[in-house]
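Below is entry30.txt, which holds compact mmCIF, C-alpha atoms.
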```txt
# COMPACT_ATOMS: atom_id res chain seq x y z
CA MET X 1 89.60 82.19 97.74
CA LYS X 2 90.62 80.58 100.99
CA ASN X 3 89.04 81.82 104.22
CA TYR X 4 91.31 81.99 107.26
CA LEU X 5 89.19 82.52 110.37
CA LEU X 6 91.32 84.03 113.10
CA THR X 7 90.24 83.02 116.57
CA LEU X 8 91.95 85.70 118.59
CA ILE X 9 89.29 85.64 121.26
CA ILE X 10 91.60 86.48 124.14
CA SER X 11 89.06 88.84 125.62
CA ILE X 12 85.82 89.10 123.68
CA CYS X 13 85.25 92.68 124.75
CA SER X 14 83.17 91.14 127.50
CA ALA X 15 81.67 93.96 129.45
CA GLN X 16 79.23 94.38 132.25
CA LEU X 17 77.41 97.23 133.90
CA SER X 18 77.96 97.14 137.64
CA ALA X 19 74.97 97.73 139.87
CA GLN X 20 77.41 98.87 142.52
CA THR X 21 78.75 102.35 143.01
CA ALA X 22 82.18 103.03 141.59
CA PRO X 23 84.65 103.59 144.48
CA ASN X 24 86.51 106.87 144.66
CA ILE X 25 90.27 107.00 144.06
CA ASN X 26 92.95 109.70 144.09
CA PHE X 27 96.04 109.58 141.90
CA THR X 28 98.87 111.75 140.59
CA ASP X 29 99.88 111.89 136.92
CA LEU X 30 103.36 112.24 135.40
CA ASP X 31 103.02 116.03 135.38
CA GLY X 32 102.52 116.04 139.16
CA THR X 33 98.81 116.90 138.99
CA THR X 34 96.60 115.18 141.57
CA HIS X 35 93.17 113.95 140.48
CA ASP X 36 90.07 112.97 142.46
CA LEU X 37 87.68 110.66 140.60
CA TYR X 38 84.51 111.80 142.38
CA SER X 39 85.30 115.46 141.66
CA TYR X 40 85.03 114.76 137.92
CA LEU X 41 81.90 112.65 138.32
CA ASN X 42 80.22 115.28 140.50
CA ASP X 43 80.99 117.85 137.79
CA GLY X 44 79.03 115.72 135.29
CA TYR X 45 81.92 114.10 133.43
CA THR X 46 82.09 110.48 132.36
CA VAL X 47 85.50 109.08 133.35
CA VAL X 48 87.51 106.45 131.45
CA LEU X 49 90.25 104.52 133.30
CA ASP X 50 92.59 102.56 131.00
CA PHE X 51 94.89 100.04 132.74
CA SER X 52 97.63 99.05 130.32
CA TYR X 53 101.36 98.58 129.70
CA GLU X 54 103.89 99.06 126.92
CA TYR X 55 104.48 95.50 125.68
CA CYS X 56 100.80 94.62 125.39
CA GLY X 57 99.72 94.52 121.74
CA PRO X 58 95.96 94.83 122.40
CA CYS X 59 96.71 97.74 124.76
CA LYS X 60 98.50 99.64 122.00
CA ASP X 61 95.70 98.71 119.60
CA TRP X 62 93.10 100.15 121.97
CA SER X 63 95.06 103.34 122.67
CA ASN X 64 95.90 104.00 119.01
CA ASN X 65 92.45 103.32 117.63
CA VAL X 66 89.86 103.69 120.39
CA GLY X 67 91.30 105.91 123.11
CA HIS X 68 92.62 108.42 120.59
CA GLU X 69 89.24 108.75 118.86
CA ILE X 70 87.27 108.95 122.11
CA TRP X 71 89.49 111.71 123.47
CA ALA X 72 89.40 113.64 120.18
CA GLU X 73 85.60 113.45 120.10
CA HIS X 74 84.73 113.87 123.77
CA GLY X 75 87.82 115.33 125.46
CA LEU X 76 88.99 118.90 126.02
CA ASP X 77 89.06 119.70 122.30
CA GLY X 78 85.85 117.79 121.60
CA ASP X 79 82.49 118.15 123.30
CA ASN X 80 84.26 118.15 126.72
CA THR X 81 82.08 115.47 128.28
CA ILE X 82 84.69 112.96 129.44
CA ARG X 83 87.97 112.71 131.32
CA MET X 84 90.42 109.92 130.48
CA PHE X 85 93.42 108.49 132.34
CA HIS X 86 96.04 105.96 131.24
CA PHE X 87 97.49 103.80 134.06
CA ASP X 88 100.73 101.90 133.41
CA VAL X 89 100.57 98.81 135.62
CA TYR X 90 104.25 97.78 135.68
CA ASP X 91 107.25 99.19 137.51
CA PHE X 92 108.90 101.19 134.74
CA SER X 93 110.53 104.59 135.06
CA ASP X 94 108.47 107.72 134.53
CA GLN X 95 110.65 108.56 131.55
CA ALA X 96 110.03 105.16 129.91
CA VAL X 97 106.27 105.42 130.45
CA ALA X 98 106.19 108.99 129.12
CA SER X 99 108.14 107.90 126.05
CA TYR X 100 105.90 105.02 124.96
CA THR X 101 102.61 106.77 125.74
CA GLN X 102 103.75 109.73 123.67
CA ALA X 103 104.60 107.33 120.83
CA TRP X 104 101.13 105.84 121.16
CA GLY X 105 99.57 109.28 120.74
CA ILE X 106 98.16 109.44 124.28
CA ASN X 107 97.61 113.12 125.09
CA TYR X 108 95.48 112.71 128.21
CA PRO X 109 96.96 112.26 131.73
CA VAL X 110 99.25 109.26 132.33
CA ILE X 111 99.75 107.63 135.74
CA ASN X 112 102.74 105.37 136.43
CA LEU X 113 101.91 102.58 138.89
CA THR X 114 104.53 100.35 140.48
CA SER X 115 102.33 97.24 140.15
CA SER X 116 98.91 96.11 138.94
CA THR X 117 97.63 96.04 142.53
CA ASP X 118 98.30 99.72 143.25
CA VAL X 119 94.61 100.49 142.59
CA PRO X 120 92.82 97.58 144.34
CA GLU X 121 89.47 99.33 143.94
CA TYR X 122 89.67 98.61 140.19
CA PRO X 123 91.13 95.11 139.67
CA GLN X 124 92.40 93.95 136.29
CA GLU X 125 91.99 90.41 134.99
CA GLY X 126 93.66 91.09 131.63
CA TYR X 127 95.00 93.97 129.60
CA PRO X 128 93.87 96.39 128.68
CA THR X 129 91.18 96.68 131.34
CA ILE X 130 88.88 99.63 130.71
CA TYR X 131 86.51 101.14 133.27
CA ILE X 132 83.92 103.59 131.94
CA ILE X 133 82.33 105.37 134.90
CA CYS X 134 79.10 107.33 134.49
CA PRO X 135 78.35 110.58 136.35
CA ASP X 136 75.82 108.69 138.52
CA LYS X 137 78.79 106.48 139.62
CA SER X 138 77.55 103.32 137.91
CA TYR X 139 80.26 101.83 135.73
CA PHE X 140 81.15 99.45 132.92
CA GLU X 141 84.15 97.16 132.90
CA THR X 142 85.40 95.92 129.55
CA GLY X 143 88.42 94.42 127.85
CA GLY X 144 89.94 96.28 124.96
CA TYR X 145 90.77 93.53 122.50
CA GLY X 146 89.16 93.23 119.07
CA PHE X 147 89.10 96.55 117.24
CA PRO X 148 86.64 97.72 115.85
CA SER X 149 84.38 95.88 118.30
CA SER X 150 86.26 97.52 121.18
CA GLU X 151 85.49 100.96 119.75
CA MET X 152 81.82 100.14 119.30
CA ASP X 153 81.74 98.80 122.86
CA ALA X 154 83.28 102.00 124.20
CA GLN X 155 80.93 104.23 122.20
CA TYR X 156 78.02 102.06 123.37
CA TYR X 157 78.91 102.52 127.04
CA LEU X 158 79.56 106.24 126.68
CA ALA X 159 76.15 106.66 125.06
CA SER X 160 74.59 104.54 127.82
CA CYS X 161 76.10 106.90 130.40
CA ARG X 162 74.22 109.69 128.62
CA GLY X 163 70.95 107.78 129.03
CA ALA X 164 70.58 106.31 125.52
CA ASP X 165 68.66 103.06 125.22
CA LEU X 166 70.92 100.79 123.22
CA SER X 167 69.34 97.47 124.13
CA ASN X 168 68.66 96.72 120.45
CA ASN X 169 71.29 98.66 118.58
CA LYS X 170 72.91 97.74 115.29
CA ALA X 171 75.75 100.09 114.39
CA VAL X 172 77.75 100.46 111.21
CA VAL X 173 81.39 101.49 111.11
CA ALA X 174 83.11 101.83 107.73
CA THR X 175 86.64 100.98 106.72
CA GLY X 176 87.65 104.61 107.00
CA SER X 177 88.66 107.23 104.50
CA PRO X 178 89.53 105.66 101.13
CA THR X 179 93.11 105.95 99.97
CA SER X 180 94.74 105.68 96.56
CA SER X 181 95.45 102.01 97.21
CA THR X 182 91.78 101.19 97.92
CA ILE X 183 90.58 102.59 94.59
CA CYS X 184 91.35 101.34 91.10
CA ASP X 185 92.16 104.27 88.82
CA SER X 186 91.35 102.40 85.62
CA PRO X 187 88.23 104.04 84.12
CA PRO X 188 85.66 103.99 85.48
CA LEU X 189 87.01 104.87 88.91
CA THR X 190 85.54 102.39 91.42
CA PHE X 191 85.55 102.01 95.19
CA SER X 192 84.53 98.83 97.00
CA PRO X 193 84.21 99.68 100.72
CA LYS X 194 84.34 97.05 103.43
CA ILE X 195 81.83 97.72 106.18
CA HIS X 196 81.51 96.40 109.72
CA VAL X 197 78.19 95.95 111.51
CA TYR X 198 78.14 95.73 115.28
CA ASN X 199 75.36 94.07 117.26
CA SER X 200 74.98 95.56 120.75
CA GLU X 201 73.12 92.47 121.95
CA SER X 202 76.51 90.83 122.33
CA ALA X 203 77.44 93.40 124.97
CA VAL X 204 74.31 93.27 127.12
CA SER X 205 72.95 89.74 126.89
CA ASP X 206 74.39 86.72 128.69
CA SER X 207 72.99 84.52 125.93
CA ALA X 208 74.04 86.82 123.11
CA THR X 209 74.59 85.57 119.60
CA PHE X 210 78.02 86.99 118.88
CA PHE X 211 77.43 86.72 115.14
CA PHE X 212 75.20 89.17 113.34
CA MET X 213 73.64 86.81 110.79
CA ASP X 214 70.62 88.72 109.51
CA GLU X 215 70.39 89.92 105.92
CA TYR X 216 70.30 93.70 105.68
CA PRO X 217 70.15 96.46 103.02
CA VAL X 218 72.80 99.15 102.55
CA LYS X 219 71.75 102.37 100.83
CA VAL X 220 74.54 104.19 98.98
CA PHE X 221 74.46 107.96 98.57
CA ILE X 222 76.99 109.91 96.47
CA ASN X 223 77.27 113.60 97.36
CA GLY X 224 73.88 113.47 99.05
CA GLU X 225 72.12 111.86 96.09
CA TYR X 226 70.74 108.33 96.31
CA TYR X 227 72.71 105.94 94.09
CA SER X 228 71.71 102.34 94.87
CA THR X 229 70.77 99.77 97.49
CA GLN X 230 72.82 96.64 98.04
CA THR X 231 71.80 93.64 100.13
CA ILE X 232 74.32 92.01 102.44
CA ASP X 233 73.83 88.37 103.36
CA PRO X 234 76.41 87.37 106.02
CA TRP X 235 75.75 83.69 105.46
CA ALA X 236 76.45 84.01 101.75
CA ASN X 237 79.66 86.03 101.82
CA GLY X 238 81.25 83.96 104.59
CA SER X 239 82.91 86.96 106.19
CA VAL X 240 81.17 87.09 109.56
CA THR X 241 83.56 87.50 112.48
CA ASN X 242 83.10 87.58 116.21
CA LEU X 243 80.99 90.50 117.48
CA ASP X 244 80.78 92.20 114.13
CA ASP X 245 79.89 91.48 110.52
CA GLU X 246 82.30 92.67 107.87
CA ALA X 247 81.39 92.56 104.21
CA TYR X 248 82.45 94.10 100.92
CA LEU X 249 80.04 96.18 98.91
CA GLU X 250 79.92 95.85 95.15
CA PRO X 251 82.11 98.44 93.39
CA ILE X 252 80.68 101.97 93.36
CA PRO X 253 81.60 104.37 90.50
CA VAL X 254 83.17 107.46 92.06
CA SER X 255 85.05 110.64 91.26
CA PRO X 256 87.82 112.28 93.30
CA GLY X 257 86.38 114.40 96.09
CA ASP X 258 83.05 112.53 96.25
CA GLU X 259 81.42 111.98 99.62
CA ILE X 260 80.03 108.46 99.97
CA ALA X 261 77.39 107.82 102.63
CA LEU X 262 76.42 104.27 103.61
CA VAL X 263 73.08 104.01 105.42
CA ILE X 264 71.72 100.82 106.97
CA ASP X 265 68.12 100.55 108.13
CA PHE X 266 67.90 97.81 110.74
CA GLU X 267 64.45 96.59 111.66
CA GLY X 268 63.74 97.26 115.35
CA ASP X 269 66.88 99.34 115.89
CA ASN X 270 66.10 101.70 118.77
CA TYR X 271 69.18 103.89 118.32
CA PRO X 272 69.55 104.99 114.67
CA ASP X 273 72.21 107.65 115.37
CA ASP X 274 75.02 105.29 114.36
CA ASP X 275 73.46 103.73 111.26
CA THR X 276 75.25 106.04 108.80
CA SER X 277 78.92 106.18 107.91
CA LYS X 278 80.53 108.65 105.51
CA VAL X 279 83.83 108.49 103.63
CA THR X 280 85.43 110.93 101.20
CA ILE X 281 87.24 109.89 98.03
CA PRO X 282 90.72 111.50 97.86
CA ASN X 283 91.32 114.16 95.23
CA ASN X 284 94.49 112.53 93.91
CA ILE X 285 94.54 108.87 93.02
CA ASN X 286 97.50 106.90 91.76
CA THR X 287 97.21 103.12 91.78
CA LEU X 288 100.76 101.81 91.50
CA SER X 289 101.82 99.51 88.67
CA SER X 290 104.33 96.75 88.03
CA SER X 291 105.73 95.80 84.66
CA ASP X 292 106.67 92.45 86.20
CA THR X 293 104.06 89.72 86.44
CA THR X 294 105.79 87.91 89.35
CA LEU X 295 104.98 89.51 92.71
CA ILE X 296 106.27 88.93 96.24
CA ILE X 297 104.41 89.11 99.57
CA SER X 298 106.23 89.92 102.82
CA ALA X 299 105.33 90.75 106.42
CA SER X 300 106.82 93.51 108.58
CA ALA X 301 107.17 91.17 111.57
CA SER X 302 107.63 87.47 112.29
CA ASN X 303 103.86 86.89 112.40
CA GLU X 304 102.37 85.19 109.38
CA ILE X 305 99.89 87.08 107.25
CA TYR X 306 97.53 85.50 104.76
CA TYR X 307 96.32 87.06 101.54
CA ASP X 308 93.69 86.73 98.83
CA VAL X 309 94.15 88.18 95.32
CA TYR X 310 91.29 89.17 92.99
CA ASN X 311 91.18 90.14 89.33
CA ALA X 312 89.44 93.23 87.96
CA ALA X 313 86.09 91.45 88.01
CA GLY X 314 86.49 90.59 91.70
CA VAL X 315 87.12 86.89 91.03
CA PRO X 316 89.71 85.23 93.35
CA VAL X 317 92.86 84.26 91.42
CA SER X 318 95.40 83.47 94.16
CA TYR X 319 95.80 83.01 97.91
CA GLY X 320 98.57 82.09 100.31
CA GLU X 321 100.63 83.15 103.29
CA THR X 322 103.89 84.97 103.93
CA PRO X 323 106.48 84.73 102.70
CA GLY X 324 104.82 84.17 99.34
CA GLN X 325 105.21 84.64 95.63
CA PHE X 326 102.76 84.35 92.73
CA THR X 327 102.48 85.23 89.06
CA LEU X 328 99.63 87.15 87.42
CA SER X 329 98.66 87.86 83.84
CA LYS X 330 98.89 91.42 82.59
CA ASP X 331 95.63 93.14 83.44
CA SER X 332 94.33 96.63 84.11
CA CYS X 333 93.71 96.13 87.80
CA TYR X 334 94.05 93.55 90.55
CA SER X 335 93.36 93.77 94.27
CA ILE X 336 94.75 92.03 97.33
CA SER X 337 93.38 91.66 100.85
CA PHE X 338 95.61 90.82 103.83
CA LEU X 339 94.49 88.88 106.92
CA ASN X 340 96.12 89.33 110.35
CA ALA X 341 96.34 93.04 109.52
CA ASN X 342 95.61 93.98 113.14
CA VAL X 343 98.86 92.39 114.35
CA THR X 344 101.28 92.52 111.41
CA GLY X 345 101.97 94.98 108.61
CA GLY X 346 102.54 93.71 105.09
CA SER X 347 103.63 94.66 101.60
CA LEU X 348 103.36 93.54 97.99
CA LYS X 349 106.42 94.10 95.79
CA ASP X 350 107.50 93.19 92.28
CA VAL X 351 110.72 91.30 91.62
CA SER X 352 112.53 94.63 91.15
CA GLY X 353 111.71 95.57 94.74
CA ASN X 354 109.14 98.24 93.88
CA ILE X 355 106.36 98.43 96.50
CA LEU X 356 102.87 98.24 94.97
CA VAL X 357 100.83 97.97 98.18
CA SER X 358 101.85 98.29 101.82
CA TYR X 359 100.18 98.96 105.15
CA GLU X 360 100.99 99.21 108.85
CA VAL X 361 99.10 97.84 111.84
CA GLY X 362 96.23 100.21 112.62
CA ASP X 363 95.86 101.58 109.09
CA PHE X 364 92.57 99.72 108.59
CA ILE X 365 89.70 98.58 110.75
CA GLY X 366 89.56 94.92 111.72
CA TYR X 367 91.83 91.95 111.19
CA GLN X 368 91.48 92.04 107.39
CA THR X 369 92.37 94.93 105.10
CA PRO X 370 90.00 96.10 102.40
CA ARG X 371 90.88 95.16 98.84
CA LEU X 372 94.01 97.12 97.96
CA PHE X 373 94.39 97.77 94.23
CA PHE X 374 97.43 97.59 91.96
CA HIS X 375 98.13 97.33 88.21
CA VAL X 376 100.14 94.69 86.40
CA GLY X 377 101.66 95.40 83.00
CA MET X 378 100.50 98.96 82.44
CA ASN X 379 101.61 102.48 83.19
CA THR X 380 100.19 104.35 86.17
CA VAL X 381 97.78 107.19 85.59
CA ASP X 382 97.47 110.13 87.96
CA ILE X 383 93.82 111.16 88.12
CA THR X 384 92.92 114.51 89.62
CA GLU X 385 89.65 116.16 90.46
CA GLN X 386 89.93 118.46 87.46
CA ASP X 387 89.74 115.52 85.07
CA PHE X 388 86.19 114.83 86.18
CA SER X 389 84.89 118.39 86.51
CA ASP X 390 81.51 118.35 88.28
CA GLU X 391 80.16 115.37 86.35
CA GLN X 392 79.15 112.25 88.27
CA LEU X 393 79.44 108.95 86.40
CA VAL X 394 76.36 106.85 87.20
CA ASP X 395 76.62 103.99 84.70
CA PHE X 396 79.30 102.44 82.52
CA TYR X 397 79.15 99.48 80.12
CA PHE X 398 80.15 98.07 76.71
CA LEU X 399 77.94 97.24 73.73
CA ASP X 400 78.89 94.68 71.09
CA LEU X 401 78.36 95.29 67.36
CA LEU X 402 74.79 93.98 67.64
CA GLY X 403 74.03 96.64 70.26
CA LYS X 404 73.77 94.08 73.07
CA ARG X 405 75.06 95.10 76.48
CA CYS X 406 78.06 93.04 77.53
CA SER X 407 77.97 91.13 80.79
CA SER X 408 81.27 92.60 82.04
CA ILE X 409 82.37 96.21 82.48
CA HIS X 410 86.03 95.18 82.26
CA LEU X 411 87.47 95.23 78.75
CA ASN X 412 90.04 92.59 79.64
CA ASP X 413 87.26 90.09 80.33
CA LEU X 414 85.75 90.51 76.85
CA PRO X 415 86.85 88.54 73.77
CA GLN X 416 88.58 90.16 70.80
CA GLY X 417 86.34 92.45 68.82
CA ILE X 418 84.95 95.93 68.37
CA TYR X 419 82.88 97.50 71.15
CA VAL X 420 81.16 100.74 71.99
CA GLN X 421 82.02 102.10 75.42
CA VAL X 422 79.03 103.94 76.94
CA LYS X 423 79.18 106.31 79.92
CA HIS X 424 76.10 107.89 81.54
CA TYR X 425 76.52 110.94 83.78
CA GLN X 426 74.31 112.35 86.50
CA ASN X 427 73.68 115.51 84.46
CA GLY X 428 72.07 113.38 81.73
CA GLN X 429 75.04 113.47 79.35
CA VAL X 430 75.98 110.25 77.55
CA ARG X 431 79.40 109.71 76.01
CA THR X 432 80.30 106.89 73.61
CA GLU X 433 83.65 105.73 72.29
CA LYS X 434 84.60 103.00 69.81
CA ILE X 435 86.99 100.48 71.35
CA VAL X 436 88.97 97.85 69.42
CA LYS X 437 90.31 94.95 71.44
CA ASN X 438 93.03 93.00 69.64
CA ASN X 439 94.08 90.55 72.35
```

Structure encoded using structure tokens:
Amino acid sequence: MKNYLLTLIISICSAQLSAQTAPNINFTDLDGTTHDLYSYLNDGYTVVLDFSYEYCGPCKDWSNNVGHEIWAEHGLDGDNTIRMFHFDVYDFSDQAVASYTQAWGINYPVINLTSSTDVPEYPQEGYPTIYIICPDKSYFETGGYGFPSSEMDAQYYLASCRGADLSNNKAVVATGSPTSSTICDSPPLTFSPKIHVYNSESAVSDSATFFFMDEYPVKVFINGEYYSTQTIDPWANGSVTNLDDEAYLEPIPVSPGDEIALVIDFEGDNYPDDDTSKVTIPNNINTLSSSDTTLIISASASNEIYYDVYNAAGVPVSYGETPGQFTLSKDSCYSISFLNANVTGGSLKDVSGNILVSYEVGDFIGYQTPRLFFHVGMNTVDITEQDFSDEQLVDFYFLDLLGKRCSSIHLNDLPQGIYVQVKHYQNGQVRTEKIVKNN
């Protein structure tokens, strides 16, 4: 596998808490409603000011991923603790600004400025510029580039406004809800989540180490029951990025509808509220298949994207950049991970033009997608929740004719012969099946 380290450090979410008092401002939104900043602060609200514009990629990234989630969680339909405002800093028509902010999913008030200097009390050195103002009128200023770090920064400052001590906080944010493409539907069903760990030291210390390099354990729970503990070593997996650590977990056996909880216990963490992340396995899973062994990589824009391809055992078998083409052997399951996913969408097709895997910008957290699964040389299988009933598979392996457990759980990695497939379930049931491999 080839590692491509993207150095998009335009604005490293550098933020600072001002010891000064936030100045008051008055402004009118596109609906004609006038707002007074101090009125909201005096009423106990935290206020978020987002200075942005349409043709700014990081601005759209922040609005789509961070602003949307913050408003959903803390806005009028959430716990109603914040007020948010989007300021367009260029001289565009009200209609144009309303159109793009609606497309971005912004459903909090929008203000159309004629220039970036229309609000001199809150200067902007780059875009987006985010001001998070606490009810006591202290404030944070931050850039918005680098999702998911920008989301963790924002959540950090919002919690700080509520009085939380986050001086030594390690937070985990998962890839998000699994989809059919992130799960291989070849029995046993497996899910390999990619997790991100955020180190708050990078936001509060002038001499911060922007890399979280400590080894840490991840406890895995399936439907509330403890399953296993995995140890992540950032040095070993080589996947540490600026401000956050992202790493793959070993495959977890799952069933449709399962709730997976990932819990990290960081030594000395003084704010454990964000150490758990939960994802739910979809009820319908259909990993797409190609009968062709030659596959084609393409990008949705002119930007290059890089990719790594893995076989069913997780071993790298190919890498490259767009546009690209490679040939694979017939196998039950492969996976591919795209880099530059935060700026360019991508797809994997067979030579017949059938799409096996595709994604758009913003579908996944970070600059690299999780491993997206596809089949080569076999028919697709639609697996539903009913196929699994209420049984939870907890172990799966093959035995050879001498009764010795095989080193691989993937039949395709075993030599020709006769094997016994063994499945252990959470209810104590064990199922065995004779398997003959001819090639």

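Note that the spacing between CA of Asp91 in chain X and CA of Tyr131 in chain X amounts to 21.3 Å.
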
### Task
Counting all atoms listed in the file, note down every residue that has an atom within 8 Å of the point (69.8, 103.5, 106.5) (file coordinates), as a list in words.
Pro217, Val218, Lys219, Leu262, Val263, Ile264, Asp265, Phe266, Asp275 and Thr276 of chain X

### Task
List every protein, DNA or RNA residue that has an atom no more than 10 Å from (91.2, 86.5, 95.3) in the file's coordinate frame, counting only C-alpha atoms, and report them as a ChimeraX atom specification.
/X:1-2,307-311,314-320,334-337,371

### Message
From the options X:Ser93, X:Gln20, X:Thr327, X:Ser298, which residue's atoms come nearest to Glu54 in chain X, counting only C-alpha atoms?
### Response
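Among the listed residues, the smallest separation from Glu54 in chain X belongs to X:Ser93.
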
### Task
Would you mind listing what lies within 12 Å of Thr129 in chain X as an MDAnalysis selection string, with only C-alpha atoms counted and same-chain residues fewer than 6 positions away left out?
chainID X and resid 11 13:15 48:53 56 58:59 62:63 86:89 116 122:123 140:145 150 154

### Message
For a quick check of understanding, using all atoms listed in the file, which of X:Pro370, X:Pro256, X:Gly324, X:Gly78 has the smallest distance to Asp185 in chain X?
### Response
X:Pro256

### Query
How many Å lie between CA of Ser347 in chain X and CA of Ser300 in chain X, rounded to one decimal?
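Computed distance, CA of Ser347 in chain X to CA of Ser300 in chain X, equals 7.8 Å.
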
## Note on the structure
With distances taken over all atoms listed in the file, the candidate from X:Thr294, X:Ser302, X:Thr344, X:Thr229 nearest Lys330 in chain X is X:Thr294

Report, as lines of an AutoDock Vina configuration file, the axis-aligned box around all atoms of range 19-27 of chain X present in the file, extended by 5 Å on each side; give centre and edge lengths in Å to one decimal place.
```
center_x = 85.5
center_y = 103.7
center_z = 142.3
size_x = 31.1
size_y = 22.0
size_z = 14.8
```

### Message
Between X:Ile260, X:Val66, X:Val220, X:Ala312, which residue has the minimum interatomic distance to Ile130 in chain X, considering all atoms listed in the file?
### Response
X:Val66

Would you mind completing range 28-39 of chain X to N, CA and C atoms and writing the output as a PDB file, in the coordinates of the input?
```
ATOM      1  N   THR X  28      98.045 110.656 141.094  1.00  0.00           N
ATOM      2  CA  THR X  28      98.870 111.750 140.590  1.00  0.00           C
ATOM      3  C   THR X  28      99.485 111.351 139.260  1.00  0.00           C
ATOM      4  N   ASP X  29      99.373 112.229 138.253  1.00  0.00           N
ATOM      5  CA  ASP X  29      99.880 111.890 136.920  1.00  0.00           C
ATOM      6  C   ASP X  29     101.359 112.267 136.791  1.00  0.00           C
ATOM      7  N   LEU X  30     101.947 112.001 135.626  1.00  0.00           N
ATOM      8  CA  LEU X  30     103.360 112.240 135.400  1.00  0.00           C
ATOM      9  C   LEU X  30     103.726 113.720 135.460  1.00  0.00           C
ATOM     10  N   ASP X  31     102.762 114.596 135.292  1.00  0.00           N
ATOM     11  CA  ASP X  31     103.020 116.030 135.380  1.00  0.00           C
ATOM     12  C   ASP X  31     102.924 116.551 136.803  1.00  0.00           C
ATOM     13  N   GLY X  32     102.625 115.639 137.762  1.00  0.00           N
ATOM     14  CA  GLY X  32     102.520 116.040 139.160  1.00  0.00           C
ATOM     15  C   GLY X  32     101.162 116.557 139.556  1.00  0.00           C
ATOM     16  N   THR X  33     100.168 116.444 138.681  1.00  0.00           N
ATOM     17  CA  THR X  33      98.810 116.900 138.990  1.00  0.00           C
ATOM     18  C   THR X  33      98.040 115.800 139.692  1.00  0.00           C
ATOM     19  N   THR X  34      97.393 116.146 140.814  1.00  0.00           N
ATOM     20  CA  THR X  34      96.600 115.180 141.570  1.00  0.00           C
ATOM     21  C   THR X  34      95.147 115.232 141.107  1.00  0.00           C
ATOM     22  N   HIS X  35      94.538 114.048 140.987  1.00  0.00           N
ATOM     23  CA  HIS X  35      93.170 113.950 140.480  1.00  0.00           C
ATOM     24  C   HIS X  35      92.305 113.203 141.495  1.00  0.00           C
ATOM     25  N   ASP X  36      91.062 113.628 141.602  1.00  0.00           N
ATOM     26  CA  ASP X  36      90.070 112.970 142.460  1.00  0.00           C
ATOM     27  C   ASP X  36      88.917 112.519 141.574  1.00  0.00           C
ATOM     28  N   LEU X  37      88.685 111.213 141.507  1.00  0.00           N
ATOM     29  CA  LEU X  37      87.680 110.660 140.600  1.00  0.00           C
ATOM     30  C   LEU X  37      86.298 111.274 140.835  1.00  0.00           C
ATOM     31  N   TYR X  38      85.855 111.309 142.097  1.00  0.00           N
ATOM     32  CA  TYR X  38      84.510 111.800 142.380  1.00  0.00           C
ATOM     33  C   TYR X  38      84.333 113.266 141.995  1.00  0.00           C
ATOM     34  N   SER X  39      85.415 114.054 142.049  1.00  0.00           N
ATOM     35  CA  SER X  39      85.300 115.460 141.660  1.00  0.00           C
ATOM     36  C   SER X  39      84.857 115.584 140.211  1.00  0.00           C
TER      37      SER X  39
END
```
